[in-house]
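Dumped target-v4.txt below, it's compact mmCIF, C-alpha atoms:
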# COMPACT_ATOMS: atom_id res chain seq x y z
CA MET U 1 12.53 28.76 88.06
CA ARG U 2 15.73 27.78 89.82
CA ILE U 3 18.33 28.07 87.07
CA ALA U 4 22.07 27.45 87.04
CA ILE U 5 24.31 29.06 84.41
CA MET U 6 27.23 26.75 83.70
CA GLY U 7 29.63 29.11 81.97
CA SER U 8 28.88 32.80 82.56
CA GLY U 9 30.53 34.21 79.45
CA GLY U 10 28.84 35.98 76.54
CA VAL U 11 25.86 33.65 76.12
CA GLY U 12 25.37 32.46 79.69
CA GLY U 13 26.09 35.85 81.22
CA TYR U 14 23.73 37.71 78.92
CA PHE U 15 20.69 35.46 79.19
CA GLY U 16 21.34 34.65 82.85
CA ALA U 17 21.38 38.35 83.69
CA ARG U 18 18.10 38.94 81.83
CA LEU U 19 16.46 36.05 83.68
CA ALA U 20 17.79 37.21 87.06
CA ALA U 21 16.62 40.78 86.43
CA ALA U 22 13.11 39.42 85.85
CA GLY U 23 13.08 37.66 89.22
CA GLU U 24 14.11 34.11 88.34
CA ASP U 25 16.33 32.34 90.88
CA VAL U 26 19.56 32.32 88.86
CA ARG U 27 22.86 30.91 90.12
CA PHE U 28 25.98 31.64 88.04
CA ILE U 29 29.07 29.45 87.78
CA ALA U 30 32.24 31.28 86.76
CA ARG U 31 35.97 31.25 87.36
CA GLY U 32 39.07 33.39 87.41
CA ALA U 33 38.94 37.16 87.08
CA HIS U 34 35.34 37.05 85.86
CA LEU U 35 34.28 35.25 89.05
CA ALA U 36 36.19 37.72 91.24
CA ALA U 37 34.65 40.73 89.49
CA MET U 38 31.14 39.31 89.80
CA GLN U 39 31.66 38.64 93.50
CA ALA U 40 32.93 42.17 94.05
CA SER U 41 30.62 44.26 91.85
CA GLY U 42 27.93 42.02 90.38
CA LEU U 43 27.29 41.28 86.71
CA ARG U 44 26.78 44.00 84.11
CA VAL U 45 25.44 43.67 80.57
CA SER U 46 26.10 46.42 78.00
CA SER U 47 23.56 46.17 75.20
CA ALA U 48 21.75 48.26 72.61
CA VAL U 49 18.51 46.66 73.81
CA GLY U 50 19.08 47.80 77.38
CA ASP U 51 21.82 47.57 79.98
CA VAL U 52 21.48 45.34 83.04
CA HIS U 53 23.29 45.33 86.37
CA ILE U 54 22.71 42.43 88.76
CA ALA U 55 24.16 43.17 92.20
CA PRO U 56 24.60 41.31 94.35
CA VAL U 57 24.81 38.22 92.16
CA THR U 58 24.82 34.60 93.29
CA VAL U 59 27.97 33.17 91.73
CA GLU U 60 30.08 30.15 92.61
CA SER U 61 33.11 28.40 91.19
CA ASP U 62 31.86 24.95 92.29
CA PRO U 63 28.41 23.71 91.18
CA ALA U 64 28.27 21.53 94.31
CA CYS U 65 27.76 24.74 96.32
CA ILE U 66 24.49 25.35 94.46
CA GLY U 67 22.73 22.01 94.63
CA PRO U 68 19.84 20.72 92.48
CA VAL U 69 18.09 23.13 90.11
CA ASP U 70 15.23 22.97 87.62
CA LEU U 71 17.35 23.93 84.63
CA VAL U 72 21.00 24.24 83.66
CA LEU U 73 21.94 26.59 80.82
CA PHE U 74 25.15 24.93 79.67
CA CYS U 75 27.24 27.62 77.97
CA VAL U 76 30.92 26.65 78.25
CA LYS U 77 33.37 26.62 75.37
CA LEU U 78 33.39 23.36 73.44
CA TRP U 79 36.75 22.16 74.71
CA ASP U 80 35.38 22.25 78.27
CA THR U 81 32.24 20.22 77.52
CA GLU U 82 33.14 16.87 79.11
CA THR U 83 34.78 18.36 82.21
CA ALA U 84 31.95 20.86 82.76
CA ALA U 85 29.31 18.19 82.18
CA ALA U 86 30.79 16.02 84.92
CA ALA U 87 30.86 19.05 87.24
CA CYS U 88 27.11 19.51 86.64
CA LYS U 89 26.12 16.29 88.41
CA PRO U 90 25.44 17.99 91.79
CA LEU U 91 22.96 20.28 89.99
CA LEU U 92 20.69 17.42 88.96
CA ASP U 93 17.56 15.98 90.42
CA PRO U 94 15.44 13.48 88.43
CA ALA U 95 13.60 16.17 86.44
CA THR U 96 16.48 18.62 85.83
CA ALA U 97 17.04 19.63 82.21
CA VAL U 98 20.47 20.57 80.88
CA ILE U 99 20.36 22.64 77.71
CA PRO U 100 23.65 23.19 75.84
CA PHE U 101 23.65 26.61 74.19
CA GLN U 102 26.97 25.92 72.49
CA ASN U 103 28.32 26.03 68.98
CA GLY U 104 28.76 22.94 66.83
CA VAL U 105 26.80 19.70 66.65
CA THR U 106 28.55 17.49 69.23
CA ALA U 107 27.42 18.83 72.63
CA CYS U 108 24.18 16.88 73.09
CA GLY U 109 25.89 13.56 72.46
CA ILE U 110 28.62 14.30 74.99
CA LEU U 111 26.13 15.44 77.63
CA LYS U 112 24.01 12.32 77.12
CA ASN U 113 27.06 10.13 77.71
CA VAL U 114 28.07 11.98 80.88
CA LEU U 115 24.72 12.90 82.47
CA GLY U 116 22.18 10.51 80.93
CA ALA U 117 19.87 11.15 78.00
CA GLN U 118 16.89 11.92 80.26
CA HIS U 119 18.54 15.16 81.41
CA VAL U 120 19.51 16.56 78.00
CA MET U 121 17.51 18.92 75.84
CA GLY U 122 18.73 20.69 72.71
CA GLY U 123 19.30 24.40 72.42
CA VAL U 124 20.42 27.10 70.02
CA ALA U 125 21.47 30.65 70.94
CA TYR U 126 21.54 33.43 68.35
CA ILE U 127 23.58 36.28 69.80
CA ALA U 128 26.93 38.07 69.48
CA ALA U 129 28.18 38.62 73.01
CA VAL U 130 31.52 38.28 74.78
CA ILE U 131 33.10 39.11 78.12
CA GLY U 132 34.05 42.72 77.45
CA GLU U 133 36.01 42.79 80.71
CA PRO U 134 35.72 40.76 83.91
CA GLY U 135 32.23 41.23 85.30
CA ARG U 136 30.79 42.79 82.12
CA ILE U 137 29.12 41.19 79.10
CA ALA U 138 29.28 43.16 75.84
CA HIS U 139 26.38 42.48 73.45
CA THR U 140 26.87 43.48 69.79
CA GLY U 141 23.79 44.42 67.79
CA THR U 142 20.24 43.59 68.87
CA MET U 143 19.92 39.90 67.96
CA ALA U 144 19.39 37.81 71.11
CA ARG U 145 17.15 34.77 70.93
CA LEU U 146 16.99 31.22 72.24
CA ARG U 147 15.34 28.12 70.81
CA PHE U 148 15.17 24.89 72.78
CA GLY U 149 13.30 21.63 72.95
CA GLU U 150 13.31 17.92 73.64
CA LEU U 151 15.55 15.98 71.27
CA ASP U 152 12.75 13.56 70.40
CA GLY U 153 10.51 16.42 69.25
CA SER U 154 8.02 16.02 72.09
CA THR U 155 6.51 18.85 74.11
CA SER U 156 7.49 18.67 77.77
CA ALA U 157 6.50 20.55 80.91
CA ARG U 158 10.09 21.62 81.49
CA ALA U 159 10.40 23.10 78.00
CA LEU U 160 7.16 25.01 78.46
CA ALA U 161 8.29 26.23 81.90
CA PHE U 162 11.46 27.69 80.43
CA ASP U 163 9.48 29.18 77.55
CA ALA U 164 7.34 30.99 80.15
CA ALA U 165 10.42 32.15 82.07
CA CYS U 166 11.87 33.65 78.88
CA LYS U 167 8.65 35.52 78.22
CA ARG U 168 8.64 36.92 81.78
CA ALA U 169 12.20 38.15 81.18
CA GLY U 170 11.43 39.73 77.80
CA ILE U 171 13.74 37.23 76.08
CA ASP U 172 12.95 36.04 72.57
CA GLY U 173 13.00 32.41 73.67
CA ALA U 174 10.68 29.63 72.55
CA ALA U 175 10.26 25.89 72.78
CA THR U 176 10.35 24.04 69.45
CA ASP U 177 9.71 20.52 68.19
CA GLU U 178 12.54 20.71 65.62
CA ILE U 179 15.58 21.54 67.72
CA GLU U 180 17.93 19.05 66.02
CA ALA U 181 17.30 20.68 62.63
CA LEU U 182 17.87 24.14 64.14
CA ILE U 183 21.20 23.02 65.64
CA TRP U 184 22.40 21.96 62.19
CA ARG U 185 21.04 25.10 60.52
CA LYS U 186 23.06 27.24 62.92
CA PHE U 187 26.10 25.03 62.39
CA VAL U 188 26.04 25.76 58.66
CA PHE U 189 25.87 29.52 59.19
CA LEU U 190 28.27 29.74 62.12
CA THR U 191 30.91 27.67 60.38
CA GLY U 192 30.74 30.18 57.55
CA LEU U 193 30.79 33.26 59.79
CA SER U 194 33.57 32.01 62.06
CA GLY U 195 35.64 30.73 59.16
CA ILE U 196 35.56 33.85 57.02
CA THR U 197 35.91 36.40 59.84
CA CYS U 198 38.85 34.51 61.37
CA LEU U 199 40.52 34.00 58.00
CA ALA U 200 40.33 37.70 57.13
CA ARG U 201 40.52 39.06 60.71
CA LEU U 202 37.58 41.33 59.86
CA PRO U 203 33.88 41.63 60.80
CA ILE U 204 31.12 40.61 58.42
CA GLY U 205 30.51 44.06 56.83
CA PRO U 206 33.47 44.33 54.46
CA LEU U 207 33.53 40.57 53.83
CA ARG U 208 29.98 40.40 52.47
CA ALA U 209 30.59 43.53 50.38
CA ASP U 210 33.66 42.18 48.57
CA PRO U 211 32.75 39.70 45.80
CA ASP U 212 35.67 37.36 46.50
CA THR U 213 35.20 37.05 50.26
CA ARG U 214 31.43 36.86 49.76
CA ALA U 215 31.93 33.90 47.43
CA THR U 216 34.22 32.29 50.00
CA LEU U 217 31.57 32.66 52.71
CA ALA U 218 29.02 31.03 50.39
CA ALA U 219 31.44 28.20 49.60
CA ILE U 220 32.08 27.47 53.29
CA MET U 221 28.37 27.19 53.94
CA ARG U 222 27.74 25.05 50.84
CA GLU U 223 30.36 22.51 51.94
CA THR U 224 28.84 22.39 55.43
CA TRP U 225 25.34 22.07 53.91
CA GLN U 226 26.54 19.08 51.88
CA VAL U 227 27.89 17.45 55.05
CA ALA U 228 24.58 18.10 56.87
CA ARG U 229 22.64 16.42 54.07
CA ALA U 230 25.01 13.46 54.15
CA GLU U 231 24.29 13.20 57.88
CA GLY U 232 20.57 12.91 57.12
CA VAL U 233 19.55 16.49 57.89
CA THR U 234 16.94 17.88 55.50
CA LEU U 235 18.09 21.29 54.23
CA THR U 236 16.87 22.63 50.90
CA GLU U 237 18.95 24.41 48.28
CA ALA U 238 17.00 27.58 49.10
CA PHE U 239 18.37 27.37 52.65
CA LEU U 240 21.76 28.59 51.42
CA ASP U 241 20.25 31.68 49.81
CA GLU U 242 18.39 32.34 53.07
CA GLN U 243 21.67 32.21 55.01
CA MET U 244 23.35 34.70 52.69
CA ALA U 245 20.34 36.99 53.11
CA PHE U 246 20.68 36.58 56.88
CA ALA U 247 24.36 37.53 56.64
CA ASP U 248 23.32 40.68 54.78
CA SER U 249 20.92 41.59 57.61
CA LEU U 250 23.56 41.55 60.36
CA PRO U 251 25.29 44.65 61.73
CA ALA U 252 28.46 45.37 59.76
CA SER U 253 30.45 45.06 62.99
CA MET U 254 29.28 41.49 63.63
CA GLN U 255 32.03 38.93 64.05
CA ALA U 256 32.14 35.39 65.34
CA SER U 257 33.18 34.82 68.95
CA MET U 258 36.00 32.70 67.57
CA LEU U 259 37.57 35.81 66.02
CA HIS U 260 37.42 37.47 69.45
CA ASP U 261 39.18 34.42 70.91
CA LEU U 262 41.78 34.47 68.14
CA GLU U 263 42.53 38.16 68.71
CA GLN U 264 42.72 37.67 72.49
CA GLY U 265 45.03 34.67 72.22
CA ASN U 266 42.42 32.32 73.69
CA ARG U 267 41.77 28.72 72.68
CA LEU U 268 39.72 28.27 69.51
CA GLU U 269 36.62 26.21 68.76
CA ALA U 270 37.89 25.55 65.23
CA PRO U 271 38.17 21.74 65.72
CA TRP U 272 34.40 21.61 66.37
CA LEU U 273 33.46 24.00 63.54
CA CYS U 274 35.46 24.00 60.29
CA GLY U 275 37.50 21.08 61.64
CA ARG U 276 34.34 19.06 62.24
CA VAL U 277 33.18 19.78 58.68
CA VAL U 278 36.50 18.44 57.37
CA GLU U 279 36.21 15.33 59.54
CA LEU U 280 32.64 14.55 58.47
CA ALA U 281 33.37 15.35 54.82
CA ARG U 282 36.16 12.77 54.80
CA ARG U 283 33.87 10.23 56.43
CA HIS U 284 31.27 10.72 53.70
CA GLY U 285 33.70 11.10 50.79
CA ILE U 286 32.76 14.74 50.20
CA ALA U 287 35.21 17.39 49.01
CA ALA U 288 35.52 20.32 51.44
CA PRO U 289 38.56 22.27 50.19
CA VAL U 290 37.56 25.68 51.61
CA ASN U 291 36.90 24.42 55.13
CA SER U 292 40.06 22.31 54.92
CA THR U 293 42.16 25.32 53.95
CA ILE U 294 40.68 27.49 56.69
CA TYR U 295 41.21 24.80 59.30
CA SER U 296 44.81 24.35 58.17
CA ALA U 297 45.33 28.11 58.58
CA LEU U 298 43.80 28.17 62.08
CA LYS U 299 44.80 24.89 63.68
CA LEU U 300 48.18 26.11 64.90
CA HIS U 301 46.28 28.75 66.90
CA ASN U 302 43.88 26.23 68.48
CA ALA U 303 45.67 26.14 71.83
CA GLY U 304 45.87 29.96 72.03
CA ARG U 305 48.82 32.05 73.15
CA LYS U 306 47.96 32.15 76.86
For this file, write the structure as structure tokens.
Amino acid sequence: MRIAIMGSGGVGGYFGARLAAAGEDVRFIARGAHLAAMQASGLRVSSAVGDVHIAPVTVESDPACIGPVDLVLFCVKLWDTETAAAACKPLLDPATAVIPFQNGVTACGILKNVLGAQHVMGGVAYIAAVIGEPGRIAHTGTMARLRFGELDGSTSARALAFDAACKRAGIDGAATDEIEALIWRKFVFLTGLSGITCLARLPIGPLRADPDTRATLAAIMRETWQVARAEGVTLTEAFLDEQMAFADSLPASMQASMLHDLEQGNRLEAPWLCGRVVELARRHGIAAPVNSTIYSALKLHNAGRK
């Protein structure tokens, strides 16, 4: 497949490198020092499941230099969604799919408005990866999987083609007919993980072990679960217990990418995570005091120090 990676950071860089190493025609879009390092020395991935080095790598700063592709993995930070979506237009032909592998629950709606609903699929990435240094992606732990599908639940040729490409690359990636539900399920967990790790400035290990911070993590997720149900998403009570069990299964060093951004002085995705929970809770008349407190503590950092 001819694939463009819009946003070659932790998610896009990791999965793009795996696809390129397996022989897919992958074109990366990057900027700044990361772009310069990739142009000079290629793209490296450091991972417990196997390192990768792609050199030379096809990387551009302008999507117009790439032209139409079969698939766009849309992996930019949430504050860049509208601008990056508009920049994707030269990548499209009538059958091109754009899959946002982003956090939160707003990306698909924005992409539909900018690019047209016919181009947008849904996607969820489960991975802890960041730019360790320009030109290198650092993958924490061994979790690395993708789920994707048409938003109407149908099975399409383009979803199956990407499913096959993932299998060729040894990626745990699969097409699904319930992608909207999976997006919300991740939103519940990620809001909890990002909120508690940023609040305490610690990875998940000590936070799940301490009874007070563990209870706070559970409370964040329960508030987000209540919002999801108010939005019409079917999530059972048992789902919350499953998410706590999932938290217990993660490496103790696991932290949300938002904590990495906070520590590095980068912009934060808080408005689209805990901030979005607060916004939707108010709309539905639901109390969300834990998410509200966390957002109040983080919002002055939203613009970053840089």
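Nearest residue to U:Ala97, choosing from U:Val72, U:Ala40, U:Ile183, U:Val49 and counting all atoms listed in the file: U:Val72.
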Exercise for the section: For atom CA of U:Ala20 and atom CA of U:Ile54, determine how far apart the two atoms are, in Å to one decimal place. Expected result: 7.4 Å
Completion exercise
Min atom-atom distance to U:His53 from the set U:Val120, U:Ala17, U:Ile294, U:Cys88, counting all atoms listed in the file, belongs to U:Ala17
List the spatial neighbours of U:Met6 as a tab-separated table (two decimals) with C-alpha atoms, in the frame of the given file - criterion: any atom at most 12 Å away, all atoms listed in the file, same-chain residues fewer than 3 positions off excluded.
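Result file is selection35.tsv:
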chain	number	residue	atom	x	y	z
U	3	ILE	CA	18.33	28.07	87.07
U	9	GLY	CA	30.53	34.21	79.45
U	10	GLY	CA	28.84	35.98	76.54
U	11	VAL	CA	25.86	33.65	76.12
U	12	GLY	CA	25.37	32.46	79.69
U	13	GLY	CA	26.09	35.85	81.22
U	15	PHE	CA	20.69	35.46	79.19
U	16	GLY	CA	21.34	34.65	82.85
U	26	VAL	CA	19.56	32.32	88.86
U	27	ARG	CA	22.86	30.91	90.12
U	28	PHE	CA	25.98	31.64	88.04
U	29	ILE	CA	29.07	29.45	87.78
U	30	ALA	CA	32.24	31.28	86.76
U	31	ARG	CA	35.97	31.25	87.36
U	59	VAL	CA	27.97	33.17	91.73
U	60	GLU	CA	30.08	30.15	92.61
U	61	SER	CA	33.11	28.40	91.19
U	62	ASP	CA	31.86	24.95	92.29
U	63	PRO	CA	28.41	23.71	91.18
U	64	ALA	CA	28.27	21.53	94.31
U	66	ILE	CA	24.49	25.35	94.46
U	69	VAL	CA	18.09	23.13	90.11
U	71	LEU	CA	17.35	23.93	84.63
U	72	VAL	CA	21.00	24.24	83.66
U	73	LEU	CA	21.94	26.59	80.82
U	74	PHE	CA	25.15	24.93	79.67
U	75	CYS	CA	27.24	27.62	77.97
U	76	VAL	CA	30.92	26.65	78.25
U	77	LYS	CA	33.37	26.62	75.37
U	80	ASP	CA	35.38	22.25	78.27
U	81	THR	CA	32.24	20.22	77.52
U	83	THR	CA	34.78	18.36	82.21
U	84	ALA	CA	31.95	20.86	82.76
U	85	ALA	CA	29.31	18.19	82.18
U	86	ALA	CA	30.79	16.02	84.92
U	87	ALA	CA	30.86	19.05	87.24
U	88	CYS	CA	27.11	19.51	86.64
U	89	LYS	CA	26.12	16.29	88.41
U	91	LEU	CA	22.96	20.28	89.99
U	98	VAL	CA	20.47	20.57	80.88
U	99	ILE	CA	20.36	22.64	77.71
U	100	PRO	CA	23.65	23.19	75.84
U	101	PHE	CA	23.65	26.61	74.19
U	102	GLN	CA	26.97	25.92	72.49
Exercise for the section: Would you mind telling me which residue in U:Ala4, U:Ala36, U:Ala22, U:Val124 lies nearest to U:Ala165 when using only C-alpha atoms? Expected result: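 Between U:Ala4, U:Ala36, U:Ala22, U:Val124, the residue approaching U:Ala165 most closely is U:Ala22.
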Problem - Which of U:Pro251, U:Gly104, U:Pro289, U:Gly7 sits closest to U:Pro206 [using only C-alpha atoms] - result: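 Selected residue with least distance to U:Pro206: U:Pro251.
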Exercise for the section: Within 9 Å of U:Val290, counting all atoms listed in the file, which residues show up once you throw out same-chain ones fewer than 6 positions away? Write them as a PyMOL selection string, please. Expected result: chain U and resi 216+219-220+223
Please build the interface table for stretch 8-77 of chain U against stretch 128-148 of chain U with a cut-off of 7 Å, listing for each qualifying residue the nearest atom pair and the distance in Å to one decimal; count only C-alpha atoms, order rows by chain and increasing number, and write it as a Markdown table.
| residue | atom | partner | partner_atom | distance |
| --- | --- | --- | --- | --- |
| U:Gly9 | CA | U:Ile131 | CA | 5.7 |
| U:Gly10 | CA | U:Val130 | CA | 3.9 |
| U:Val11 | CA | U:Ala129 | CA | 6.3 |
| U:Gly13 | CA | U:Ile137 | CA | 6.5 |
| U:Tyr14 | CA | U:Ile137 | CA | 6.4 |
| U:Ala33 | CA | U:Pro134 | CA | 5.8 |
| U:His34 | CA | U:Pro134 | CA | 4.2 |
| U:Ala37 | CA | U:Gly135 | CA | 4.9 |
| U:Met38 | CA | U:Gly135 | CA | 5.0 |
| U:Gly42 | CA | U:Gly135 | CA | 6.7 |
| U:Leu43 | CA | U:Gly135 | CA | 5.1 |
| U:Arg44 | CA | U:Arg136 | CA | 4.6 |
| U:Val45 | CA | U:Ile137 | CA | 4.7 |
| U:Ser46 | CA | U:Ala138 | CA | 5.0 |
| U:Ser47 | CA | U:His139 | CA | 5.0 |
| U:Ala48 | CA | U:Thr142 | CA | 6.2 |
| U:Val49 | CA | U:Thr142 | CA | 6.1 |
